[in-house]
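First up is the structure itself, then whatever we jot down about it.
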Amino acid sequence: MTALTQTPRYPYWPITRDRRFALPGGARVALLIYLNIEHFPIDVPFPAHTIYPGTQHMVPDILNYGWRDYGNRVGIWRMMDLLSGLGIRASVNLHSDVCREYPELIRAGEALKWDWNAQGRTSADILTNMTDDQVRAIVGETIDTIAQATGRRPKGWMGSHLAETPTTPDLLAEAGIEFISDYACDDQPFPMRVASGDLLSMPYALECNDVPGVLGKGLTARDFADMLIDQFDEMYEEGATIPRVMPISLHPFISGHAYRIRHLRRAFEHITGHDGVWLATCDEINAHFRATCEMTVD
């Protein structure tokens, strides 16, 4: 397969240009909640996003491992209660090793009718310097494991740390993946160039994301919730003429703490209290776009 290195994966297409994208029922904003449910092996150094970098080089790094594991043991259950109480279904970026390490999480997510997007096997699956055959193997194993655990093949992919090789989108389309969440460059989905088949770019959040926001910028729980409210209020006004997708990316080891849940609840109650808001999942947005918009790329 030839890498598409001479032209970009997508053309410049400003949101002010007519894209013929509308939301169901005339909604202004589609709220899209990503939950990143991840597995961090205890026998390798932590790659990034630690609560305390002073022990990051240690193997095992018990301090940071325990902080991460809190998300899967405690934090995720708070987030389940919050989202289900407001009628919000999550789109989960899932490390497939979670299916083996935390099967109860998969059963609970299935009961809540969550979407499952593949995210590699573990946090150590950083694709950047891999060969095509190595990427194919990881993609195939990840898809098969999630399909076996949930009864359905994931339609979406997000790379660990949003990492790709130059040919990763081609290999994902080849494997039957329909959308990718690595490109946080737009408020609407858009088709991408791939060597064969088709692939949709799904909006993803790097600003409305608790890793850059809380860990990177030091936002308090109140600040983060206020940011989400401000983001929604502005997009809701814009959505009267140009519909928007508002992704929010959350990690249970950060947002699943009690003092943050309280403020997230305030933000989500504000958003869901408005008319014209579609509480959507990635799979729903993907299906709606494909049914109503062209998948060709200029």
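Note on naming: chains are A, B, ... as they come in the structure tokens, residues start from 1 per chain, ligands start from 1 in the order shown.
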Report the closest atom pair, with its distance in Å rounded to one decimal, for each residue of range 226-287 of chain A that has an atom no farther than 12 Å from range 11-17 of chain A; count only C-alpha atoms, sort by chain and then rising residue number, and write it as JSON lines.
```
{"residue": "A:Glu238", "atom": "CA", "partner": "A:Thr16", "partner_atom": "CA", "distance": 11.0}
{"residue": "A:Gly239", "atom": "CA", "partner": "A:Ile15", "partner_atom": "CA", "distance": 11.6}
{"residue": "A:Thr241", "atom": "CA", "partner": "A:Thr16", "partner_atom": "CA", "distance": 9.8}
{"residue": "A:Ile242", "atom": "CA", "partner": "A:Thr16", "partner_atom": "CA", "distance": 7.8}
{"residue": "A:Pro243", "atom": "CA", "partner": "A:Ile15", "partner_atom": "CA", "distance": 9.8}
{"residue": "A:Arg244", "atom": "CA", "partner": "A:Ile15", "partner_atom": "CA", "distance": 9.7}
{"residue": "A:Val245", "atom": "CA", "partner": "A:Ile15", "partner_atom": "CA", "distance": 12.0}
```
Residues within 7 Å of range 24-37 of chain A, only C-alpha atoms, excluding chain neighbours under 6 positions, as number ranges by chain:
A: 90-95, 236, 239-240, 243-251, 276-281
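Distance annotation: of A:Arg193, A:His39, A:His288, A:Arg153, the residue with the minimal separation from Glu101 in chain A is A:His39; atom set is only C-alpha atoms.
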Taking only C-alpha atoms into account, name the residue in A:His270, A:Arg100, A:Arg78, A:Lys113 that is nearest to Phe232 in chain A.
A:His270
Do you know which residues are at most 6 Å from His263 in chain A counting only C-alpha atoms, after dropping those on the same chain fewer than 3 positions away, and could you put them as a PDB file with N, CA and C atoms, in the first residue's frame?
```pdb
ATOM      1  N   ARG A 222     -14.101  23.686  39.347  1.00  0.00           N
ATOM      2  CA  ARG A 222     -15.051  24.752  39.018  1.00  0.00           C
ATOM      3  C   ARG A 222     -14.690  25.413  37.690  1.00  0.00           C
ATOM      4  N   ALA A 225     -15.647  23.098  34.721  1.00  0.00           N
ATOM      5  CA  ALA A 225     -17.086  23.096  34.458  1.00  0.00           C
ATOM      6  C   ALA A 225     -17.529  24.416  33.839  1.00  0.00           C
ATOM      7  N   ARG A 260     -14.819  16.690  41.583  1.00  0.00           N
ATOM      8  CA  ARG A 260     -14.987  17.098  40.192  1.00  0.00           C
ATOM      9  C   ARG A 260     -16.356  16.702  39.658  1.00  0.00           C
ATOM     10  N   ARG A 266     -23.089  20.011  37.397  1.00  0.00           N
ATOM     11  CA  ARG A 266     -23.610  21.364  37.159  1.00  0.00           C
ATOM     12  C   ARG A 266     -23.530  21.719  35.670  1.00  0.00           C
TER      13      ARG A 266
END
```
Those of range 110-246 of chain A in DSSP alpha helix (DSSP H), formatted as a ChimeraX atom specification:
/A:110-111,132-150,168-174,210,221-238
Distance query range 50-56 of chain A at most 9 Å, only C-alpha atoms, self and fewer than 6 positions along chain excluded, as a PyMOL selection string
chain A and resi 62-65+67-68+215
Keeping only all heavy atoms, write the selected residues as a compact mmCIF listing (two decimals), in the first residue's frame.
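Writing done, so here's again-v1.txt:
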```
# COMPACT_ATOMS: atom_id res chain seq x y z
N ILE A 62 4.25 2.55 41.59
CA ILE A 62 3.03 2.29 42.36
C ILE A 62 2.21 3.56 42.55
O ILE A 62 0.97 3.54 42.49
CB ILE A 62 3.37 1.65 43.72
CG1 ILE A 62 4.09 0.32 43.50
CG2 ILE A 62 2.11 1.45 44.55
CD1 ILE A 62 3.30 -0.70 42.72
N LEU A 63 2.88 4.68 42.76
CA LEU A 63 2.17 5.94 43.01
C LEU A 63 1.26 6.27 41.83
O LEU A 63 0.05 6.46 41.99
CB LEU A 63 3.19 7.06 43.25
CG LEU A 63 2.66 8.42 43.73
CD1 LEU A 63 3.75 9.18 44.46
CD2 LEU A 63 2.14 9.27 42.57
N ASN A 64 1.82 6.35 40.64
CA ASN A 64 1.02 6.73 39.48
C ASN A 64 0.08 5.62 39.03
O ASN A 64 -1.01 5.88 38.54
CB ASN A 64 1.93 7.17 38.33
CG ASN A 64 2.54 8.54 38.59
OD1 ASN A 64 1.83 9.51 38.82
ND2 ASN A 64 3.86 8.62 38.57
N TYR A 65 0.51 4.36 39.20
CA TYR A 65 -0.37 3.25 38.84
C TYR A 65 -1.64 3.27 39.70
O TYR A 65 -2.76 3.11 39.19
CB TYR A 65 0.35 1.91 39.00
CG TYR A 65 -0.52 0.73 38.62
CD1 TYR A 65 -0.61 0.32 37.30
CD2 TYR A 65 -1.24 0.04 39.59
CE1 TYR A 65 -1.42 -0.75 36.94
CE2 TYR A 65 -2.05 -1.03 39.24
CZ TYR A 65 -2.13 -1.42 37.92
OH TYR A 65 -2.93 -2.48 37.57
N TRP A 67 -2.99 5.83 41.19
CA TRP A 67 -3.81 6.99 40.79
C TRP A 67 -4.63 6.67 39.55
O TRP A 67 -5.82 6.97 39.48
CB TRP A 67 -2.88 8.18 40.53
CG TRP A 67 -3.53 9.39 39.95
CD1 TRP A 67 -4.48 10.18 40.52
CD2 TRP A 67 -3.22 9.98 38.68
NE1 TRP A 67 -4.81 11.22 39.68
CE2 TRP A 67 -4.05 11.12 38.55
CE3 TRP A 67 -2.34 9.66 37.66
CZ2 TRP A 67 -4.02 11.94 37.43
CZ3 TRP A 67 -2.30 10.47 36.54
CH2 TRP A 67 -3.14 11.60 36.43
N ARG A 68 -4.00 6.03 38.59
CA ARG A 68 -4.72 5.63 37.38
C ARG A 68 -5.80 4.59 37.69
O ARG A 68 -6.91 4.65 37.16
CB ARG A 68 -3.74 5.05 36.36
CG ARG A 68 -2.75 6.05 35.79
CD ARG A 68 -3.35 6.79 34.63
NE ARG A 68 -2.34 7.52 33.88
CZ ARG A 68 -2.53 8.05 32.69
NH1 ARG A 68 -3.69 7.92 32.10
NH2 ARG A 68 -1.57 8.70 32.06
N LEU A 215 -4.67 18.64 34.04
CA LEU A 215 -3.26 18.32 34.25
C LEU A 215 -2.35 19.33 33.58
O LEU A 215 -1.31 19.70 34.12
CB LEU A 215 -2.95 16.92 33.72
CG LEU A 215 -3.69 15.76 34.36
CD1 LEU A 215 -3.16 14.43 33.83
CD2 LEU A 215 -3.58 15.79 35.88
```
Smallest atom-to-atom distance to Arg265 in chain A: which of A:Asp81, A:Asp144, A:Glu174, A:Asp198, using only C-alpha atoms?
A:Asp81
Between CA of Phe21 in chain A and CA of Cys293 in chain A, what is the distance in Å, rounded to a tenth?
6.6 Å
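Secondary structure from DSSP on the backbone puts strand (DSSP E or B) at the following positions of range 146-220 of chain A: Gly156, Trp157, Phe179, Ile180, Phe190, Pro191, Met192, Leu199, Leu200, Ser201 and Asn209 of chain A.
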For the selection just defined, write its residues with N, CA, C and O atoms to a file, as an mmCIF file, in the first residue's frame.
```
data_model
loop_
_atom_site.group_PDB
_atom_site.id
_atom_site.type_symbol
_atom_site.label_atom_id
_atom_site.label_comp_id
_atom_site.auth_asym_id
_atom_site.auth_seq_id
_atom_site.Cartn_x
_atom_site.Cartn_y
_atom_site.Cartn_z
ATOM 1 N N GLY A 156 -15.355 2.685 15.398
ATOM 2 C CA GLY A 156 -14.475 3.834 15.517
ATOM 3 C C GLY A 156 -13.127 3.494 16.112
ATOM 4 O O GLY A 156 -12.939 2.451 16.761
ATOM 5 N N TRP A 157 -12.183 4.390 15.906
ATOM 6 C CA TRP A 157 -10.813 4.234 16.417
ATOM 7 C C TRP A 157 -10.305 5.566 16.923
ATOM 8 O O TRP A 157 -10.562 6.624 16.328
ATOM 9 N N PHE A 179 -14.812 5.403 11.322
ATOM 10 C CA PHE A 179 -14.474 6.779 11.707
ATOM 11 C C PHE A 179 -13.292 6.762 12.664
ATOM 12 O O PHE A 179 -13.012 5.784 13.348
ATOM 13 N N ILE A 180 -12.609 7.912 12.694
ATOM 14 C CA ILE A 180 -11.414 8.070 13.519
ATOM 15 C C ILE A 180 -11.533 9.373 14.290
ATOM 16 O O ILE A 180 -12.028 10.380 13.775
ATOM 17 N N PHE A 190 -16.165 15.057 8.967
ATOM 18 C CA PHE A 190 -15.850 15.261 7.548
ATOM 19 C C PHE A 190 -15.153 14.014 7.013
ATOM 20 O O PHE A 190 -14.469 13.303 7.750
ATOM 21 N N PRO A 191 -15.329 13.720 5.712
ATOM 22 C CA PRO A 191 -14.663 12.556 5.117
ATOM 23 C C PRO A 191 -13.179 12.814 4.911
ATOM 24 O O PRO A 191 -12.755 13.942 4.664
ATOM 25 N N MET A 192 -12.394 11.736 5.021
ATOM 26 C CA MET A 192 -10.949 11.818 4.859
ATOM 27 C C MET A 192 -10.512 11.073 3.610
ATOM 28 O O MET A 192 -11.238 10.225 3.088
ATOM 29 N N LEU A 199 -13.432 6.767 5.181
ATOM 30 C CA LEU A 199 -13.170 6.991 6.598
ATOM 31 C C LEU A 199 -13.657 8.383 6.963
ATOM 32 O O LEU A 199 -13.381 9.354 6.246
ATOM 33 N N LEU A 200 -14.396 8.488 8.059
ATOM 34 C CA LEU A 200 -14.924 9.762 8.533
ATOM 35 C C LEU A 200 -14.095 10.250 9.713
ATOM 36 O O LEU A 200 -13.715 9.459 10.583
ATOM 37 N N SER A 201 -13.810 11.543 9.740
ATOM 38 C CA SER A 201 -13.187 12.138 10.920
ATOM 39 C C SER A 201 -14.281 12.587 11.879
ATOM 40 O O SER A 201 -15.156 13.367 11.516
ATOM 41 N N ASN A 209 -11.208 18.899 27.532
ATOM 42 C CA ASN A 209 -10.595 17.604 27.807
ATOM 43 C C ASN A 209 -9.888 17.730 29.149
ATOM 44 O O ASN A 209 -9.102 18.660 29.346
#
```
Between CA of Leu105 in chain A and CA of Asp226 in chain A lies a distance of 29.3 Å
Which residues, written as an MDAnalysis selection string, have at least one atom at most 12 Å from His57 in chain A, with only C-alpha atoms counted and residues fewer than 6 positions away on the same chain left out?
chainID A and resid 42:48 50 63:64
